[in-house]
Every structure is written in structure tokens, then in C-alpha cells.
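Right, one structure below, let's go through it.
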Amino acid sequence: MVTYDQIFENNKKWVAEMNPRDSDFFEKLAREQTPDYLYIGCSDSRVPANEIMGLEPGNVFVHRNVANLVNNTDLNVMAVINFAVKHLDVKHIIVCGHYNCGGVKAAMIPKDMGILNPWLRTIRDVYRMHAAELDAITDEQQRYNRLVELNVKEQATNVIKTANVQKCYQQKGYPIVHGWVFDLHSGILIDLDINFKAILKDIQKIYDLTGIASDYSEDGED
């Protein structure tokens, strides 16, 4: 176990290793951030965002919460998406879940989880929407893995529903929204091939928040 004091020693070693690699690294890091990617992932300690992507600090803007949820009433994640799209001009937004997710597992258990109930209900709603498919999977682990994937897809759809994403895409052609799963057993990232354009077109009858789409007569609410 790493002690609290050792963390600061590790930090000094990290600085000593970084300086020979790039003498201007910390100067550039302090000056600005210009990431092309927003990563919305799980808070799980086993999934370090920029490391699994092979990116250095400054290349990916990160938001994490239990089970990588995107709730439109969560001002935290909404503020992150707003800042990433409007101020950082990110080109890609990634929702990344992972197999063996404790949050998803907890949502599969019919039990009162106290303060976690309103948070887990979002995942339980995903199960409810896909109950026929999930209940047909007899292997519990495979059902668990599939719910992880379906949760990622639903949260990616929630990102697409936001006004900032829709307006920016209409004006600039980005950001594109993606859904990934990280496999803890292999270390491999799996692209779920979210069809961003198809989902956007499908939801805009209700969730068009751009105010400039000509296909629909009324805007929805997010």
C-alpha cells in the first residue's frame, strides 16, 4: 500500500522523469489546455482515463462519476459538457464504461441502496427499457456485461440530446459522440460503434434544441 507521504515522493520522481523527456512540458501545461477529446467515464480507480487512451496530460478533458452517467439534471456533467464544447472546442465526446462496473452491478440488485437509489435508478431505467433483451440472456455475467454496454449507449444518447452538442455540430460539424467499454481483463478499449448521425436524426423530432432545424415544427425540451 502506498502511504500518504509516498504520494509526494512519487510526484517528485514523476517530475524528474518528465523534465528530460520534454524540458518545456510543465511550461506548456501551465499555459493552456487544448484537448480534442472529452472523456466521460466511471469513477472506478482501475480505469485511468488518459493512460488507457495513451494520451498525455492536457490532451483529454475528463469527467468521472459512478457508472458514467449523463443526467440532464446533474449540473456537474452539464457544466463539463458546456465548457468542453463552447470553450475548449473539443472534437470528440466519449462516454466510456467498463465491464465489472460496481455501479451497474448494484443497479441489478433489487435492494434499497439508500442515498444511491436516485443515482442507480438511471441504470435501472436502462434495464427496464431493454428488459426483453437482457432477460433473454441466461448467463448472469454476460447479462451484466450487456447492461454495461447498453448503459453506455443510453448515456451517449443523453449527450447527443444536449443543446450545446446539437448547436455546435450544426455549426461546425463536431463534436462527434462515441461510446466505449474498457475491458479490465484485457486492458482493451472496445468501440461500440455509436451511430452519432443516426441517433441525432432519430431524436430530433423531440430533442431538437437548435432552433434552426427545418424538418420539425416544434422544439423539444431536454
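Chain labels follow the order of the C-alpha cells: the first chain is A, the next B, and so on; residue numbering restarts at 1 in every chain, and ligands are counted from 1 in their shown order.
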Handout entry: strand (DSSP E) residues, from DSSP on the backbone, in range 16-184 of chain A, as a PyMOL selection string
Key = chain A and resi 37-42+60-65+92-98+176-182
Would you mind exporting the chosen residues as a PDB file, in the first residue's frame, restricted to N, CA and C atoms?
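File out-v7.pdb, as written:
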```pdb
ATOM      1  N   TYR A  37     -10.519  15.865 -27.018  1.00  0.00           N
ATOM      2  CA  TYR A  37     -11.409  14.837 -26.502  1.00  0.00           C
ATOM      3  C   TYR A  37     -11.983  15.213 -25.141  1.00  0.00           C
ATOM      4  N   LEU A  38     -13.271  14.991 -24.991  1.00  0.00           N
ATOM      5  CA  LEU A  38     -13.918  14.983 -23.675  1.00  0.00           C
ATOM      6  C   LEU A  38     -14.231  13.538 -23.354  1.00  0.00           C
ATOM      7  N   TYR A  39     -13.760  13.078 -22.211  1.00  0.00           N
ATOM      8  CA  TYR A  39     -13.960  11.703 -21.763  1.00  0.00           C
ATOM      9  C   TYR A  39     -14.880  11.720 -20.551  1.00  0.00           C
ATOM     10  N   ILE A  40     -16.029  11.073 -20.667  1.00  0.00           N
ATOM     11  CA  ILE A  40     -16.961  10.926 -19.548  1.00  0.00           C
ATOM     12  C   ILE A  40     -16.929   9.465 -19.133  1.00  0.00           C
ATOM     13  N   GLY A  41     -16.324   9.200 -17.984  1.00  0.00           N
ATOM     14  CA  GLY A  41     -16.120   7.815 -17.579  1.00  0.00           C
ATOM     15  C   GLY A  41     -16.568   7.547 -16.161  1.00  0.00           C
ATOM     16  N   CYS A  42     -16.323   6.332 -15.717  1.00  0.00           N
ATOM     17  CA  CYS A  42     -16.674   5.908 -14.371  1.00  0.00           C
ATOM     18  C   CYS A  42     -15.582   6.331 -13.387  1.00  0.00           C
ATOM     19  N   VAL A  60      -6.781  15.381 -22.978  1.00  0.00           N
ATOM     20  CA  VAL A  60      -8.142  14.872 -22.795  1.00  0.00           C
ATOM     21  C   VAL A  60      -8.758  15.546 -21.574  1.00  0.00           C
ATOM     22  N   PHE A  61      -9.941  16.100 -21.761  1.00  0.00           N
ATOM     23  CA  PHE A  61     -10.712  16.726 -20.685  1.00  0.00           C
ATOM     24  C   PHE A  61     -11.561  15.624 -20.069  1.00  0.00           C
ATOM     25  N   VAL A  62     -11.563  15.513 -18.739  1.00  0.00           N
ATOM     26  CA  VAL A  62     -12.120  14.322 -18.096  1.00  0.00           C
ATOM     27  C   VAL A  62     -13.213  14.677 -17.093  1.00  0.00           C
ATOM     28  N   HIS A  63     -14.306  13.927 -17.182  1.00  0.00           N
ATOM     29  CA  HIS A  63     -15.347  13.958 -16.139  1.00  0.00           C
ATOM     30  C   HIS A  63     -15.636  12.513 -15.763  1.00  0.00           C
ATOM     31  N   ARG A  64     -15.733  12.254 -14.444  1.00  0.00           N
ATOM     32  CA  ARG A  64     -15.997  10.898 -13.986  1.00  0.00           C
ATOM     33  C   ARG A  64     -17.039  10.911 -12.887  1.00  0.00           C
ATOM     34  N   ASN A  65     -17.902   9.914 -12.910  1.00  0.00           N
ATOM     35  CA  ASN A  65     -18.855   9.707 -11.824  1.00  0.00           C
ATOM     36  C   ASN A  65     -19.190   8.218 -11.753  1.00  0.00           C
ATOM     37  N   HIS A  92     -14.387  15.476 -30.125  1.00  0.00           N
ATOM     38  CA  HIS A  92     -14.989  14.176 -29.827  1.00  0.00           C
ATOM     39  C   HIS A  92     -15.406  14.133 -28.362  1.00  0.00           C
ATOM     40  N   ILE A  93     -16.592  13.568 -28.107  1.00  0.00           N
ATOM     41  CA  ILE A  93     -17.043  13.310 -26.741  1.00  0.00           C
ATOM     42  C   ILE A  93     -17.218  11.806 -26.585  1.00  0.00           C
ATOM     43  N   ILE A  94     -16.551  11.242 -25.603  1.00  0.00           N
ATOM     44  CA  ILE A  94     -16.546   9.794 -25.395  1.00  0.00           C
ATOM     45  C   ILE A  94     -17.212   9.460 -24.066  1.00  0.00           C
ATOM     46  N   VAL A  95     -18.211   8.599 -24.112  1.00  0.00           N
ATOM     47  CA  VAL A  95     -18.758   8.013 -22.886  1.00  0.00           C
ATOM     48  C   VAL A  95     -18.142   6.622 -22.773  1.00  0.00           C
ATOM     49  N   CYS A  96     -17.398   6.387 -21.703  1.00  0.00           N
ATOM     50  CA  CYS A  96     -16.672   5.120 -21.563  1.00  0.00           C
ATOM     51  C   CYS A  96     -17.085   4.406 -20.284  1.00  0.00           C
ATOM     52  N   GLY A  97     -17.703   3.245 -20.435  1.00  0.00           N
ATOM     53  CA  GLY A  97     -17.996   2.376 -19.304  1.00  0.00           C
ATOM     54  C   GLY A  97     -16.940   1.293 -19.193  1.00  0.00           C
ATOM     55  N   HIS A  98     -17.128   0.382 -18.281  1.00  0.00           N
ATOM     56  CA  HIS A  98     -16.179  -0.727 -18.163  1.00  0.00           C
ATOM     57  C   HIS A  98     -16.897  -1.950 -17.612  1.00  0.00           C
ATOM     58  N   ILE A 176     -18.350  14.866 -32.356  1.00  0.00           N
ATOM     59  CA  ILE A 176     -18.955  13.567 -32.589  1.00  0.00           C
ATOM     60  C   ILE A 176     -18.970  12.813 -31.262  1.00  0.00           C
ATOM     61  N   VAL A 177     -20.069  12.129 -30.995  1.00  0.00           N
ATOM     62  CA  VAL A 177     -20.212  11.402 -29.731  1.00  0.00           C
ATOM     63  C   VAL A 177     -19.941   9.915 -29.951  1.00  0.00           C
ATOM     64  N   HIS A 178     -19.165   9.321 -29.053  1.00  0.00           N
ATOM     65  CA  HIS A 178     -18.774   7.917 -29.152  1.00  0.00           C
ATOM     66  C   HIS A 178     -19.123   7.180 -27.867  1.00  0.00           C
ATOM     67  N   GLY A 179     -19.265   5.868 -27.954  1.00  0.00           N
ATOM     68  CA  GLY A 179     -19.475   5.016 -26.794  1.00  0.00           C
ATOM     69  C   GLY A 179     -18.441   3.903 -26.754  1.00  0.00           C
ATOM     70  N   TRP A 180     -17.722   3.806 -25.655  1.00  0.00           N
ATOM     71  CA  TRP A 180     -16.681   2.798 -25.490  1.00  0.00           C
ATOM     72  C   TRP A 180     -16.934   1.977 -24.223  1.00  0.00           C
ATOM     73  N   VAL A 181     -16.322   0.788 -24.212  1.00  0.00           N
ATOM     74  CA  VAL A 181     -16.246  -0.021 -22.992  1.00  0.00           C
ATOM     75  C   VAL A 181     -14.801  -0.442 -22.801  1.00  0.00           C
ATOM     76  N   PHE A 182     -14.311  -0.329 -21.572  1.00  0.00           N
ATOM     77  CA  PHE A 182     -12.964  -0.768 -21.228  1.00  0.00           C
ATOM     78  C   PHE A 182     -13.049  -2.143 -20.586  1.00  0.00           C
TER      79      PHE A 182
END
```
Practice task
Might you pull out every residue within 12 Å of Leu116 in chain A, with only C-alpha atoms counted and same-chain residues fewer than 5 positions away left off, and present them as a ChimeraX atom specification?
Solution key: /A:66-67,103-104,106-107,111,121-124
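Atom to atom, CA of Val152 in chain A and CA of Asn68 in chain A stand 7.5 Å apart.
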Practice task
Find the spatial neighbours of Gly58 in chain A, counting only C-alpha atoms, within a cut-off of 8 Å - ignore same-chain residues fewer than 4 positions away - and output them as a PyMOL selection string.
Solution key: chain A and resi 29+33-35
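Reported to one decimal place, the separation of CA of Tyr144 in chain A from CA of Leu189 in chain A is 17.5 Å.
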